[in-house]
Every structure is written in C-alpha cells, then in structure tokens.
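upload.cif (mmCIF, C-alpha atoms) appears below.
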data_structure
loop_
_atom_site.label_atom_id
_atom_site.label_comp_id
_atom_site.auth_asym_id
_atom_site.auth_seq_id
_atom_site.Cartn_x
_atom_site.Cartn_y
_atom_site.Cartn_z
CA MET U 1 1.75 -19.30 -14.93
CA ILE U 2 1.33 -16.03 -12.98
CA LEU U 3 3.05 -15.65 -9.61
CA ILE U 4 1.21 -13.43 -7.12
CA ILE U 5 3.18 -12.40 -4.06
CA SER U 6 0.74 -11.09 -1.49
CA ASN U 7 -0.56 -11.24 2.06
CA ASN U 8 -3.18 -13.67 3.20
CA LYS U 9 -5.57 -10.95 4.41
CA GLU U 10 -5.18 -8.91 1.23
CA THR U 11 -8.68 -8.76 -0.24
CA THR U 12 -7.70 -6.80 -3.39
CA THR U 13 -5.58 -9.78 -4.44
CA THR U 14 -8.66 -11.99 -4.19
CA GLU U 15 -10.64 -9.67 -6.48
CA VAL U 16 -7.87 -9.76 -9.12
CA ILE U 17 -7.74 -13.56 -8.81
CA LYS U 18 -11.47 -13.72 -9.50
CA TRP U 19 -10.79 -12.03 -12.84
CA LEU U 20 -7.85 -14.35 -13.55
CA SER U 21 -10.22 -17.29 -13.03
CA VAL U 22 -12.73 -15.77 -15.45
CA MET U 23 -9.91 -15.23 -17.97
CA GLU U 24 -8.78 -18.85 -17.41
CA LYS U 25 -5.26 -17.72 -16.54
CA LYS U 26 -3.25 -19.97 -14.23
CA TYR U 27 -1.83 -18.46 -11.07
CA ILE U 28 -0.05 -19.26 -7.83
CA ARG U 29 -0.71 -17.04 -4.83
CA ILE U 30 1.94 -17.05 -2.15
CA HIS U 31 1.66 -15.53 1.31
CA GLU U 32 3.84 -13.84 3.91
CA ASP U 33 3.98 -16.94 6.12
CA GLU U 34 5.42 -19.26 3.43
CA PHE U 35 9.09 -20.20 3.30
CA PHE U 36 10.41 -21.69 0.08
CA GLU U 37 13.19 -24.21 -0.30
CA ILE U 38 15.15 -23.93 -3.54
CA LYS U 39 15.56 -27.37 -5.10
CA ILE U 40 16.60 -28.89 -8.41
CA LEU U 41 14.01 -31.09 -10.08
CA GLU U 42 14.24 -32.38 -13.66
CA ASN U 43 17.36 -30.17 -13.99
CA ARG U 44 15.23 -27.09 -13.35
CA ILE U 45 15.03 -24.72 -10.39
CA PHE U 46 12.05 -25.72 -8.30
CA LEU U 47 10.68 -23.76 -5.34
CA GLU U 48 8.69 -25.56 -2.68
CA SER U 49 6.91 -24.40 0.49
CA ASP U 50 4.49 -26.28 2.74
CA CYS U 51 1.54 -25.36 0.54
CA ASN U 52 2.90 -24.25 -2.86
CA SER U 53 5.48 -25.31 -5.42
CA PHE U 54 6.53 -24.14 -8.86
CA PHE U 55 9.36 -24.27 -11.40
CA LEU U 56 11.12 -20.93 -11.79
CA ASP U 57 10.97 -21.15 -15.58
CA GLU U 58 7.20 -21.77 -15.68
CA ILE U 59 6.50 -18.29 -14.26
CA LYS U 60 5.62 -15.95 -17.11
CA SER U 61 4.57 -12.88 -15.11
CA VAL U 62 4.74 -11.69 -11.53
CA TRP U 63 2.51 -9.39 -9.48
CA PHE U 64 4.28 -8.13 -6.43
CA ARG U 65 1.34 -6.96 -4.35
CA ARG U 66 2.60 -7.14 -0.74
CA GLY U 67 4.84 -9.19 1.53
CA GLY U 68 7.68 -10.95 -0.23
CA LEU U 69 9.20 -14.23 -1.31
CA LYS U 70 10.87 -15.83 1.72
CA PHE U 71 13.32 -18.69 1.74
CA LYS U 72 14.30 -21.54 4.06
CA ARG U 73 17.99 -21.46 4.92
CA PHE U 74 20.10 -24.33 6.20
CA GLN U 75 22.31 -23.76 9.24
CA TYR U 76 25.75 -25.39 9.63
CA ASN U 77 27.61 -26.26 12.84
CA ASN U 78 31.02 -24.88 11.88
CA PRO U 79 30.70 -21.03 12.12
CA SER U 80 33.01 -20.44 9.13
CA ILE U 81 31.17 -22.94 6.97
CA ASN U 82 27.90 -21.43 8.17
CA LEU U 83 29.06 -17.96 7.08
CA HIS U 84 30.15 -19.27 3.70
CA MET U 85 26.93 -21.25 3.18
CA ASN U 86 24.87 -18.23 4.17
CA GLU U 87 26.50 -16.38 1.29
CA VAL U 88 26.00 -19.30 -1.11
CA GLN U 89 22.31 -19.46 -0.19
CA HIS U 90 22.00 -15.68 -0.46
CA TRP U 91 23.26 -15.71 -4.08
CA LEU U 92 20.92 -18.54 -4.97
CA GLU U 93 17.97 -16.62 -3.50
CA ASP U 94 19.19 -13.46 -5.21
CA TYR U 95 19.22 -15.28 -8.56
CA VAL U 96 15.63 -16.44 -8.04
CA ILE U 97 14.47 -12.92 -7.10
CA LYS U 98 16.37 -11.24 -9.97
CA THR U 99 15.02 -13.80 -12.45
CA LEU U 100 11.45 -13.18 -11.27
CA GLU U 101 11.94 -9.40 -11.34
CA SER U 102 13.20 -9.59 -14.93
CA LYS U 103 9.92 -11.13 -16.09
CA LYS U 104 6.84 -9.19 -17.12
CA GLY U 105 5.15 -7.96 -14.00
CA ILE U 106 3.57 -5.37 -11.80
CA ASN U 107 6.02 -3.76 -9.40
CA LYS U 108 9.07 -5.32 -7.81
CA LYS U 109 10.01 -6.02 -4.25
CA SER U 110 13.27 -4.13 -4.76
CA SER U 111 11.53 -0.88 -5.78
CA SER U 112 8.19 -1.11 -4.02
CA LEU U 113 9.26 0.45 -0.74
CA VAL U 114 9.53 4.11 -1.65
CA ASN U 115 11.03 6.75 0.59
CA LYS U 116 8.53 9.59 0.97
CA LEU U 117 11.26 12.23 1.36
CA PHE U 118 13.16 11.03 -1.72
CA VAL U 119 9.93 10.89 -3.74
CA LEU U 120 9.09 14.51 -2.81
CA GLU U 121 12.55 15.65 -3.92
CA LYS U 122 12.20 13.86 -7.24
CA ALA U 123 8.65 15.18 -7.74
CA LYS U 124 9.95 18.74 -7.31
CA GLU U 125 12.81 18.08 -9.76
CA ILE U 126 10.30 16.85 -12.34
CA GLY U 127 8.32 20.06 -11.95
CA LEU U 128 5.32 18.96 -9.91
CA ASP U 129 4.05 21.43 -7.32
CA VAL U 130 4.88 20.14 -3.84
CA PRO U 131 3.72 21.89 -0.64
CA ASN U 132 6.73 23.13 1.37
CA TYR U 133 7.96 20.51 3.81
CA PHE U 134 10.66 20.08 6.42
CA LEU U 135 11.86 17.79 9.20
CA THR U 136 12.23 19.02 12.76
CA ASP U 137 12.14 17.82 16.36
CA ASN U 138 10.30 20.82 17.85
CA THR U 139 7.43 23.19 17.10
CA HIS U 140 9.22 26.52 17.86
CA ASP U 141 9.10 27.86 14.30
CA ILE U 142 6.01 26.07 13.08
CA GLU U 143 3.16 28.19 11.79
CA LEU U 144 0.18 27.00 13.80
CA HIS U 145 -3.04 26.09 11.96
CA LYS U 146 -1.11 26.22 8.68
CA THR U 147 1.09 23.14 9.06
CA ILE U 148 0.32 19.44 9.06
CA THR U 149 2.32 16.47 10.28
CA LYS U 150 2.23 12.93 8.98
CA THR U 151 4.37 9.83 9.27
CA ILE U 152 7.29 9.26 6.91
CA SER U 153 6.64 5.54 7.22
CA GLY U 154 4.93 3.84 4.29
CA ASN U 155 2.33 2.38 6.61
CA SER U 156 0.35 4.67 8.90
CA MET U 157 -1.21 1.69 10.67
CA ILE U 158 0.28 0.03 13.74
CA GLU U 159 -1.32 -3.36 14.12
CA ASN U 160 -1.58 -5.09 17.51
CA ILE U 161 -0.38 -2.08 19.50
CA ASP U 162 -1.87 -4.05 22.35
CA GLU U 163 -3.87 -7.27 22.63
CA SER U 164 -7.15 -5.97 21.23
CA THR U 165 -6.18 -2.72 19.55
CA ASP U 166 -4.72 -1.41 16.31
CA ALA U 167 -3.68 2.22 15.88
CA ILE U 168 -3.59 4.61 12.96
CA MET U 169 -1.74 7.87 12.43
CA TYR U 170 -3.70 10.23 10.23
CA THR U 171 -2.42 13.47 8.74
CA SER U 172 -2.98 16.03 11.52
CA LEU U 173 -3.09 19.81 11.75
CA ILE U 174 -0.70 21.42 14.24
CA GLU U 175 -2.74 23.69 16.52
CA ASP U 176 -0.54 23.91 19.65
CA ARG U 177 3.14 24.26 20.38
CA GLU U 178 4.90 21.43 22.19
CA GLU U 179 7.04 22.26 25.20
CA ALA U 180 9.32 19.28 24.80
CA SER U 181 11.19 18.13 21.73
CA PHE U 182 10.22 14.89 20.02
CA PHE U 183 11.63 12.36 17.54
CA ILE U 184 12.35 13.94 14.12
CA SER U 185 8.99 14.41 12.45
CA PHE U 186 7.73 15.40 9.02
CA PHE U 187 5.86 18.69 8.62
CA GLN U 188 4.26 20.16 5.54
CA GLU U 189 2.46 23.35 4.59
CA LYS U 190 -1.30 22.86 4.81
CA ILE U 191 -2.94 23.55 1.48
CA ASP U 192 -6.54 24.79 1.42
CA LYS U 193 -7.93 22.30 -1.01
CA ASP U 194 -10.75 22.41 -3.48
CA PHE U 195 -10.67 18.60 -3.32
CA GLU U 196 -8.27 15.67 -3.16
CA ILE U 197 -7.38 13.46 -6.09
CA ARG U 198 -6.25 9.87 -5.88
CA SER U 199 -4.91 8.43 -9.10
CA PHE U 200 -4.18 4.81 -9.85
CA TYR U 201 -1.22 4.35 -12.19
CA LEU U 202 -0.58 1.28 -14.30
CA ASN U 203 2.00 1.23 -17.10
CA GLY U 204 1.69 4.87 -18.07
CA LYS U 205 -2.08 5.16 -17.72
CA LEU U 206 -3.85 7.02 -14.90
CA TRP U 207 -7.33 6.53 -13.51
CA SER U 208 -8.19 9.42 -11.18
CA THR U 209 -10.89 10.05 -8.62
CA ALA U 210 -11.81 13.38 -7.07
CA ILE U 211 -12.54 12.99 -3.37
CA LEU U 212 -14.75 15.82 -2.16
CA SER U 213 -13.54 15.76 1.41
CA GLN U 214 -13.09 19.48 2.04
CA ASN U 215 -16.55 20.32 3.37
CA ASP U 216 -16.58 17.78 6.20
CA GLU U 217 -14.67 18.69 9.38
CA GLN U 218 -13.91 15.01 9.93
CA THR U 219 -12.32 14.44 6.53
CA LYS U 220 -10.97 17.86 5.52
CA ILE U 221 -7.40 17.13 6.70
CA ASP U 222 -7.31 13.40 5.93
CA TYR U 223 -10.07 11.80 3.86
CA ARG U 224 -9.25 8.40 5.36
CA LYS U 225 -11.06 9.55 8.54
CA TYR U 226 -14.16 8.23 6.81
CA ASN U 227 -17.49 9.66 7.83
CA SER U 228 -19.71 6.62 7.51
CA ASN U 229 -22.90 8.61 8.19
CA ILE U 230 -22.31 11.17 5.44
CA PRO U 231 -19.60 9.67 3.19
CA ASN U 232 -17.52 11.98 0.98
CA ARG U 233 -18.68 12.18 -2.60
CA ASN U 234 -16.16 10.59 -4.98
CA VAL U 235 -16.32 11.14 -8.72
CA GLY U 236 -14.21 10.13 -11.71
CA TYR U 237 -11.74 12.85 -12.68
CA LYS U 238 -9.28 13.57 -15.46
CA LEU U 239 -6.01 15.25 -14.49
CA PRO U 240 -4.56 17.76 -16.98
CA ASN U 241 -2.24 16.06 -19.50
CA GLU U 242 0.75 18.01 -18.20
CA ILE U 243 0.26 16.62 -14.66
CA GLU U 244 -0.30 13.10 -16.00
CA GLU U 245 2.91 13.31 -18.04
CA LYS U 246 4.90 14.46 -15.00
CA ALA U 247 3.37 11.72 -12.84
CA ASP U 248 4.33 9.16 -15.49
CA LYS U 249 7.89 10.52 -15.56
CA LEU U 250 8.10 10.30 -11.76
CA MET U 251 6.85 6.70 -11.66
CA LYS U 252 9.35 5.70 -14.35
CA LEU U 253 12.16 7.43 -12.47
CA LEU U 254 11.22 5.45 -9.35
CA ASN U 255 11.07 2.23 -11.37
CA LEU U 256 7.40 1.69 -10.50
CA ASN U 257 4.84 0.57 -13.05
CA CYS U 258 1.91 0.55 -10.63
CA GLY U 259 0.78 2.57 -7.63
CA SER U 260 -1.58 5.13 -6.18
CA ILE U 261 -0.68 8.82 -6.36
CA ASP U 262 -2.23 11.50 -4.16
CA PHE U 263 -2.78 15.11 -5.23
CA ILE U 264 -4.59 18.14 -3.86
CA LYS U 265 -6.28 20.59 -6.19
CA SER U 266 -6.18 24.19 -5.00
CA GLY U 267 -7.27 26.85 -7.44
CA ASP U 268 -5.55 26.04 -10.71
CA ARG U 269 -2.67 24.17 -9.07
CA PHE U 270 -2.29 20.45 -8.51
CA TYR U 271 -0.10 19.68 -5.50
CA PHE U 272 1.63 16.33 -5.41
CA LEU U 273 1.51 14.65 -1.98
CA GLU U 274 2.82 11.09 -2.16
CA ILE U 275 2.93 7.74 -3.92
CA ASN U 276 1.76 4.51 -2.40
CA PRO U 277 2.90 1.57 -4.58
CA THR U 278 0.84 -0.97 -2.65
CA GLY U 279 -2.12 1.19 -1.66
CA GLN U 280 -5.74 0.13 -1.72
CA PHE U 281 -7.56 1.19 -4.86
CA LEU U 282 -10.59 -1.07 -5.14
CA GLY U 283 -13.01 1.22 -3.28
CA LEU U 284 -12.46 4.10 -5.70
CA SER U 285 -12.36 1.70 -8.64
CA ILE U 286 -15.83 0.44 -7.74
CA THR U 287 -17.16 3.99 -7.24
CA CYS U 288 -15.91 5.13 -10.65
CA ASN U 289 -16.50 1.86 -12.53
CA TYR U 290 -12.80 1.72 -13.42
CA ASN U 291 -12.55 -2.10 -13.07
CA LEU U 292 -8.92 -1.78 -12.00
CA ASP U 293 -8.92 -5.37 -10.73
CA LYS U 294 -9.77 -6.45 -14.29
CA GLU U 295 -7.07 -4.13 -15.72
CA ILE U 296 -4.43 -5.80 -13.52
CA ALA U 297 -5.65 -9.30 -14.37
CA SER U 298 -5.60 -8.46 -18.09
CA TYR U 299 -2.02 -7.19 -17.93
CA LEU U 300 -0.66 -10.21 -16.05
CA MET Y 1 -7.57 7.36 25.42
CA LYS Y 2 -4.72 4.89 25.80
CA LYS Y 3 -1.36 6.30 26.73
CA ILE Y 4 1.77 5.20 24.94
CA GLN Y 5 4.81 5.13 27.17
CA GLU Y 6 8.21 4.63 25.63
CA PRO Y 7 11.65 5.43 27.05
CA ASN Y 8 12.72 7.08 23.78
CA LYS Y 9 11.13 10.01 22.00
CA LEU Y 10 8.47 9.32 19.37
CA PRO Y 11 7.47 11.44 16.34
CA LEU Y 12 4.73 14.02 16.88
CA THR Y 13 2.33 11.86 14.82
CA PHE Y 14 1.96 9.72 17.94
CA LYS Y 15 0.23 12.61 19.70
CA TYR Y 16 -2.58 12.33 17.17
CA ILE Y 17 -2.74 8.55 17.03
CA GLU Y 18 -6.19 6.97 17.00
CA PHE Y 19 -6.93 3.57 18.42
CA ILE Y 20 -9.18 1.02 16.80
CA ASP Y 21 -10.81 -1.62 18.93
CA ARG Y 22 -10.66 -4.79 16.84
CA LYS Y 23 -13.56 -6.32 18.77
CA LYS Y 24 -15.86 -3.51 17.58
CA VAL Y 25 -14.69 -3.84 13.97
CA PHE Y 26 -15.34 -7.55 13.88
CA SER Y 27 -18.69 -7.53 15.69
CA GLY Y 28 -22.10 -5.97 15.24
CA LYS Y 29 -23.78 -4.78 12.06
CA GLY Y 30 -20.65 -4.26 10.02
CA LYS Y 31 -19.28 -7.67 10.98
CA MET Y 32 -17.13 -9.33 8.34
CA LEU Y 33 -16.91 -13.09 8.17
CA PHE Y 34 -13.80 -14.65 6.73
CA ILE Y 35 -13.77 -18.14 5.35
CA GLN Y 36 -11.14 -20.36 3.81
CA CYS Y 37 -11.30 -20.43 0.03
CA GLU Y 38 -9.29 -22.99 -1.93
CA LYS Y 39 -10.03 -21.50 -5.34
CA TYR Y 40 -8.68 -18.05 -4.46
CA GLN Y 41 -5.92 -19.52 -2.28
CA THR Y 42 -6.70 -17.58 0.91
CA ASP Y 43 -7.94 -18.16 4.47
CA PHE Y 44 -9.48 -14.70 4.52
CA TYR Y 45 -12.14 -14.74 1.85
CA ILE Y 46 -14.83 -12.24 2.84
CA ARG Y 47 -18.24 -13.78 2.98
CA GLU Y 48 -20.21 -10.96 1.50
CA ARG Y 49 -23.82 -10.18 2.12
CA PRO Y 50 -25.71 -9.83 -1.16
CA LEU Y 51 -26.60 -6.25 -2.00
CA LYS Y 52 -30.03 -5.16 -0.78
CA ALA Y 53 -30.99 -4.03 -4.27
CA LEU Y 54 -30.10 -7.46 -5.63
CA ILE Y 55 -32.25 -9.19 -2.99
CA ARG Y 56 -35.16 -6.93 -3.87
CA MET Y 57 -34.74 -7.74 -7.55
CA LEU Y 58 -34.71 -11.48 -6.81
#
Whole structure, structure tokens version:
Amino acid sequence: MILIISNNKETTTTEVIKWLSVMEKKYIRIHEDEFFEIKILENRIFLESDCNSFFLDEIKSVWFRRGGLKFKRFQYNNPSINLHMNEVQHWLEDYVIKTLESKKGINKKSSSLVNKLFVLEKAKEIGLDVPNYFLTDNTHDIELHKTITKTISGNSMIENIDESTDAIMYTSLIEDREEASFFISFFQEKIDKDFEIRSFYLNGKLWSTAILSQNDEQTKIDYRKYNSNIPNRNVGYKLPNEIEEKADKLMKLLNLNCGSIDFIKSGDRFYFLEINPTGQFLGLSITCNYNLDKEIASYL
Amino acid sequence: MKKIQEPNKLPLTFKYIEFIDRKKVFSGKGKMLFIQCEKYQTDFYIRERPLKALIRML
C-alpha cells in the first residue's frame, strides 16, 4: 500500500494516481483537512480519520507531496495530566511519522521545507555558481536596474488576501530607491540570462527544460508571469554533467530525493537560483514528454 | 490596485505584489470545473475539455 500525503486541490497528485491505477498499485490519498486518531487494532497500529484508515505496517512506500499527516489529540481536565498526556501523544505521533519516513518514499515532511538562504550557502559550498545576494531593510546601497528582490518564503502566493482575491509576489527588478526602510528583504544580483532552466530531480536523475523567457518583457525577470498570448518556448535540455553532479550532491546534502531546481544560463555559466521540493512540474513534463507523473508512480 | 495596510513593516516584495481576481480565473473561456472523484480520492478533479485535435480526429 502506498501512502500519498497531499492537498485536496493538488492536481499533480491526481495525475500520479492515474498512473498508479494503470499499474494496479494500491494507494491511500490523505488530505490537509484530515485528522487521524492512533488506535490499536489486531495488536497493530491503526490510523483512522473520518474518511480514511490504514495499518501503519501495511504502508510500503510514502509520497510526501504537500500538507502533512495531522493527528487528533485528547484533552484532559487536570492541567498537569494534560501536559503529560500531550507529551505521551506527541511521542506516539512522532513514532508514526518516523516509521513512515523510514520507509521507501519521495521526500519527507521533516526535510521538505527548505530554507532558501541556507540552500544558497550550501550551493556555493558545493561549487555551484550563485548570483551575489544579501539581506537588507533599505535600498541605499542597491544598484538600481541590476538587482532583483524576491520572497524568502517557500510560497510566493498569498491565498485569500481578501474575500475574492489571491496575491502573488514575483521576482521583481529594483528600479527606484525607497525613502523609508522596510522589513528585511532578500536581494540578488540580476543576471542577464540566455535562458532559464528548470530541472526536475528524482533519486539522482535530472530532467531539464530550457525556458526561453528572455525575449519577452513580461517574462524576462520571472517566467511565471506567463504571457498567454505568446507563450515562452520551452524545450528539453541537458545540463552539463558537472552541474548535474553538483545538483545531485546538493539534494543529497539537503536530504531531498525529489524536487525542482532553477538555474539561469548566462554565457558558459549556469547560475543556481533555488530548489522547490514541492513545486509544480507537470506543465514542463508534458511539454518535453518526460512523463514525470509516470516516473513517480513507477518509483512508489 | 489594492492597497495593503499593515501596522508593521513588510518586505519590499509587497510593493510588487500582483492581485488575482478569483472570479475571473474561475469564469469565462478558461473556466475550470471541479468535480468529486472517488477513484482518485479528491473533490477537485478537473473536468477537462477534450483536445480540439482529438475532437477533429473523432
């Protein structure tokens, strides 16, 4: 049995599940709004939510896509007993999570939230080219038109910023100085790119796509500002072996066996930008006929 | 453009924030319809339109 930990709205998960069905592999998909109670049934650990249930020992592999495994906790009237029982329940939950993370799988909850700043440091240590970056709360010393800013958060999307609106923070070029200071922000040297490269990594193998976003004003700073009238051309690409080996080393160092890695090619240099362990990859997979959904289903 | 007002300072990325009207995304030509799907264990299965080329072939 394969355990898939995902979000309800996550369409990539559905595409992988379609392949699992074709391969006649059994799976359980759990969502962010499920809370599991840990029980003992037939002398085995049994997890049960309102819509799913499984024995811990029947899970053979785990795909941590998004969200997480959440648990129901009992509350107790006596505050001291409540504190003690909170700890007891924590260790039980911890055992379940550690057991699941020790099985064959794709990514882990404990390592899937990567810190962009830490990743950049490690990428530099491994020998990847990284555009100069720094944190600051003002624009006094920033070189205008040659510096970009982007969020250090893993998610650049803010859902439900008001009743009918979502918001997104794209990578943006700094063109004006700010009079006032602001919350500590991430800045990075803007690299004039030949094109962008997004690579999907799974267990040491990379599938890369060149995104020709540099000739369109709308997409030249951030290709995710899709131009639906004249879409960027995306083509399959092979990174040099040396870059692939360094990327593999970095993923292993971060304890990730799956994720999307962004690069910029400029002249004969490949600049590492960031890793997104839970990024979307299906669009590029379809464009390049990589069948990454099938690759994931085959591995699980 | 909506204005974000917060008592505390925000990162500079908020200056460049772009708003997406969910009503526009989920209406009109590019409308996506989600249905419940027991087999794939989701309430958000996208009801896809068949590809034009496939319709022509049929």
Could you please determine the separation between CA of Arg66 in chain U and CA of Leu12 in chain Y in Å, to one decimal place?
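Result for CA of Arg66 in chain U versus CA of Leu12 in chain Y: 27.6 Å, one decimal.
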List, as a list in words, every residue that the PyMOL selection byres ((chain Y and resi 38) around 12) selects in the file provided.
Thr14, Ile17, Ile28, Arg29 and Cys51 of chain U; Ile35, Gln36, Cys37, Lys39, Tyr40, Gln41, Thr42, Asp43, Phe44 and Tyr45 of chain Y
Suppose we keep C-alpha atoms; can you now write the selection as a PDB file, keeping the file's coordinate frame?
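Here's the written file again-v4.pdb:
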ATOM      1  CA  THR U  14      -8.660 -11.990  -4.190  1.00  0.00           C
ATOM      2  CA  ILE U  17      -7.740 -13.560  -8.810  1.00  0.00           C
ATOM      3  CA  ILE U  28      -0.050 -19.260  -7.830  1.00  0.00           C
ATOM      4  CA  ARG U  29      -0.710 -17.040  -4.830  1.00  0.00           C
ATOM      5  CA  CYS U  51       1.540 -25.360   0.540  1.00  0.00           C
TER       6      CYS U  51
ATOM      7  CA  ILE Y  35     -13.770 -18.140   5.350  1.00  0.00           C
ATOM      8  CA  GLN Y  36     -11.140 -20.360   3.810  1.00  0.00           C
ATOM      9  CA  CYS Y  37     -11.300 -20.430   0.030  1.00  0.00           C
ATOM     10  CA  LYS Y  39     -10.030 -21.500  -5.340  1.00  0.00           C
ATOM     11  CA  TYR Y  40      -8.680 -18.050  -4.460  1.00  0.00           C
ATOM     12  CA  GLN Y  41      -5.920 -19.520  -2.280  1.00  0.00           C
ATOM     13  CA  THR Y  42      -6.700 -17.580   0.910  1.00  0.00           C
ATOM     14  CA  ASP Y  43      -7.940 -18.160   4.470  1.00  0.00           C
ATOM     15  CA  PHE Y  44      -9.480 -14.700   4.520  1.00  0.00           C
ATOM     16  CA  TYR Y  45     -12.140 -14.740   1.850  1.00  0.00           C
TER      17      TYR Y  45
END
Find the residues near range 202-206 of chain U: any atom within 7 Å, counting all atoms listed in the file, skip ones fewer than 4 places away on the same chain, and give them as a list of chain:residue names.
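Listing them by chain and then by number gives U:Asp248, U:Asn257, U:Cys258, U:Gly259.
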What would the selection look like, as a compact mmCIF listing (two decimals) with C-alpha atoms, in the coordinates of the input, if the PyMOL selection byres ((chain Y) within 6 of (chain U)) were run on the coordinates I just shared?
# COMPACT_ATOMS: atom_id res chain seq x y z
CA LYS Y 9 11.13 10.01 22.00
CA LEU Y 10 8.47 9.32 19.37
CA PRO Y 11 7.47 11.44 16.34
CA THR Y 13 2.33 11.86 14.82
CA ILE Y 17 -2.74 8.55 17.03
CA GLU Y 18 -6.19 6.97 17.00
CA PHE Y 19 -6.93 3.57 18.42
CA ILE Y 20 -9.18 1.02 16.80
CA ASP Y 21 -10.81 -1.62 18.93
CA ARG Y 22 -10.66 -4.79 16.84
CA THR Y 42 -6.70 -17.58 0.91
CA PHE Y 44 -9.48 -14.70 4.52
note - CA of Ser266 in chain U and CA of Leu113 in chain U are separated by 28.6 Å
Rank U:Asp57, U:Asp94, U:Asp194, U:Glu179 by their smallest atom-to-atom distance to Leu3 in chain U, using all atoms listed in the file, and report the top residue only.
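Closest to Leu3 in chain U of all the choices is U:Asp57.
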Quick one, how far is CA of Thr209 in chain U from CA of Ile2 in chain U?
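Rounded to one decimal, the two atoms are 29.1 Å apart.
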Restricting the calculation to only C-alpha atoms: of U:Glu175, U:Val96, U:Ser112, U:Ile4, which residue gets closest to Tyr16 in chain Y?
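Smallest separation from Tyr16 in chain Y among the options: U:Glu175.
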Please expand the PyMOL selection byres ((chain U and resi 214) around 7) into the concrete residues it hits in this file, giving the result as a list in words.
Lys193, Asp194, Phe195, Leu212, Ser213, Asn215, Asp216, Thr219 and Lys220 of chain U
Anything within 12 Å of (12.7, 13.3, -14.9): list those residues as a PyMOL selection string, counting all atoms listed in the file and sticking to the file's coordinates.
chain U and resi 119+121-128+245-255
Counting all atoms listed in the file, which of U:Ser61, U:Gln89, U:Asn132, U:Asn52 gets nearest to Ala297 in chain U?
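Going through U:Ser61, U:Gln89, U:Asn132, U:Asn52 one by one, the smallest distance to Ala297 in chain U is for U:Ser61.
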Distance query Asp33 in chain U at most 10 Å, all atoms listed in the file, self and fewer than 6 positions along chain excluded, as a PyMOL selection string
chain U and resi 7-8+49-50+67-70
Writer output for current selection, C-alpha atoms, as a PDB file, in the coordinates of the input:
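Contents of the output file part-v2.pdb:
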ATOM      1  CA  ASN U   7      -0.560 -11.240   2.060  1.00  0.00           C
ATOM      2  CA  ASN U   8      -3.180 -13.670   3.200  1.00  0.00           C
ATOM      3  CA  SER U  49       6.910 -24.400   0.490  1.00  0.00           C
ATOM      4  CA  ASP U  50       4.490 -26.280   2.740  1.00  0.00           C
ATOM      5  CA  GLY U  67       4.840  -9.190   1.530  1.00  0.00           C
ATOM      6  CA  GLY U  68       7.680 -10.950  -0.230  1.00  0.00           C
ATOM      7  CA  LEU U  69       9.200 -14.230  -1.310  1.00  0.00           C
ATOM      8  CA  LYS U  70      10.870 -15.830   1.720  1.00  0.00           C
TER       9      LYS U  70
END
Mind completing range 5-19 of chain Y with N, CA and C atoms? Output as a PDB file, in the coordinates of the input, please?
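Output file result16.pdb is given in full below:
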ATOM      1  N   GLN Y   5       3.627   4.762  26.393  1.00  0.00           N
ATOM      2  CA  GLN Y   5       4.810   5.130  27.170  1.00  0.00           C
ATOM      3  C   GLN Y   5       6.025   4.403  26.633  1.00  0.00           C
ATOM      4  N   GLU Y   6       6.972   5.181  26.183  1.00  0.00           N
ATOM      5  CA  GLU Y   6       8.210   4.630  25.630  1.00  0.00           C
ATOM      6  C   GLU Y   6       9.382   5.385  26.237  1.00  0.00           C
ATOM      7  N   PRO Y   7      10.506   4.716  26.489  1.00  0.00           N
ATOM      8  CA  PRO Y   7      11.650   5.430  27.050  1.00  0.00           C
ATOM      9  C   PRO Y   7      12.253   6.446  26.075  1.00  0.00           C
ATOM     10  N   ASN Y   8      12.157   6.156  24.775  1.00  0.00           N
ATOM     11  CA  ASN Y   8      12.720   7.080  23.780  1.00  0.00           C
ATOM     12  C   ASN Y   8      11.631   7.949  23.166  1.00  0.00           C
ATOM     13  N   LYS Y   9      12.085   9.067  22.599  1.00  0.00           N
ATOM     14  CA  LYS Y   9      11.130  10.010  22.000  1.00  0.00           C
ATOM     15  C   LYS Y   9      10.461   9.392  20.764  1.00  0.00           C
ATOM     16  N   LEU Y  10       9.215   9.788  20.545  1.00  0.00           N
ATOM     17  CA  LEU Y  10       8.470   9.320  19.370  1.00  0.00           C
ATOM     18  C   LEU Y  10       8.147  10.534  18.489  1.00  0.00           C
ATOM     19  N   PRO Y  11       7.865  10.308  17.194  1.00  0.00           N
ATOM     20  CA  PRO Y  11       7.470  11.440  16.340  1.00  0.00           C
ATOM     21  C   PRO Y  11       6.165  12.068  16.836  1.00  0.00           C
ATOM     22  N   LEU Y  12       5.923  13.303  16.424  1.00  0.00           N
ATOM     23  CA  LEU Y  12       4.730  14.020  16.880  1.00  0.00           C
ATOM     24  C   LEU Y  12       3.435  13.350  16.401  1.00  0.00           C
ATOM     25  N   THR Y  13       3.533  12.557  15.338  1.00  0.00           N
ATOM     26  CA  THR Y  13       2.330  11.860  14.820  1.00  0.00           C
ATOM     27  C   THR Y  13       1.694  11.003  15.915  1.00  0.00           C
ATOM     28  N   PHE Y  14       2.497  10.564  16.871  1.00  0.00           N
ATOM     29  CA  PHE Y  14       1.960   9.720  17.940  1.00  0.00           C
ATOM     30  C   PHE Y  14       1.010  10.485  18.866  1.00  0.00           C
ATOM     31  N   LYS Y  15       1.143  11.814  18.882  1.00  0.00           N
ATOM     32  CA  LYS Y  15       0.230  12.610  19.700  1.00  0.00           C
ATOM     33  C   LYS Y  15      -1.193  12.510  19.148  1.00  0.00           C
ATOM     34  N   TYR Y  16      -1.273  12.320  17.838  1.00  0.00           N
ATOM     35  CA  TYR Y  16      -2.580  12.330  17.170  1.00  0.00           C
ATOM     36  C   TYR Y  16      -3.066  10.919  16.820  1.00  0.00           C
ATOM     37  N   ILE Y  17      -2.409   9.937  17.388  1.00  0.00           N
ATOM     38  CA  ILE Y  17      -2.740   8.550  17.030  1.00  0.00           C
ATOM     39  C   ILE Y  17      -4.176   8.216  17.455  1.00  0.00           C
ATOM     40  N   GLU Y  18      -4.836   7.405  16.648  1.00  0.00           N
ATOM     41  CA  GLU Y  18      -6.190   6.970  17.000  1.00  0.00           C
ATOM     42  C   GLU Y  18      -6.206   5.465  17.121  1.00  0.00           C
ATOM     43  N   PHE Y  19      -6.909   5.005  18.151  1.00  0.00           N
ATOM     44  CA  PHE Y  19      -6.930   3.570  18.420  1.00  0.00           C
ATOM     45  C   PHE Y  19      -8.200   2.939  17.868  1.00  0.00           C
TER      46      PHE Y  19
END
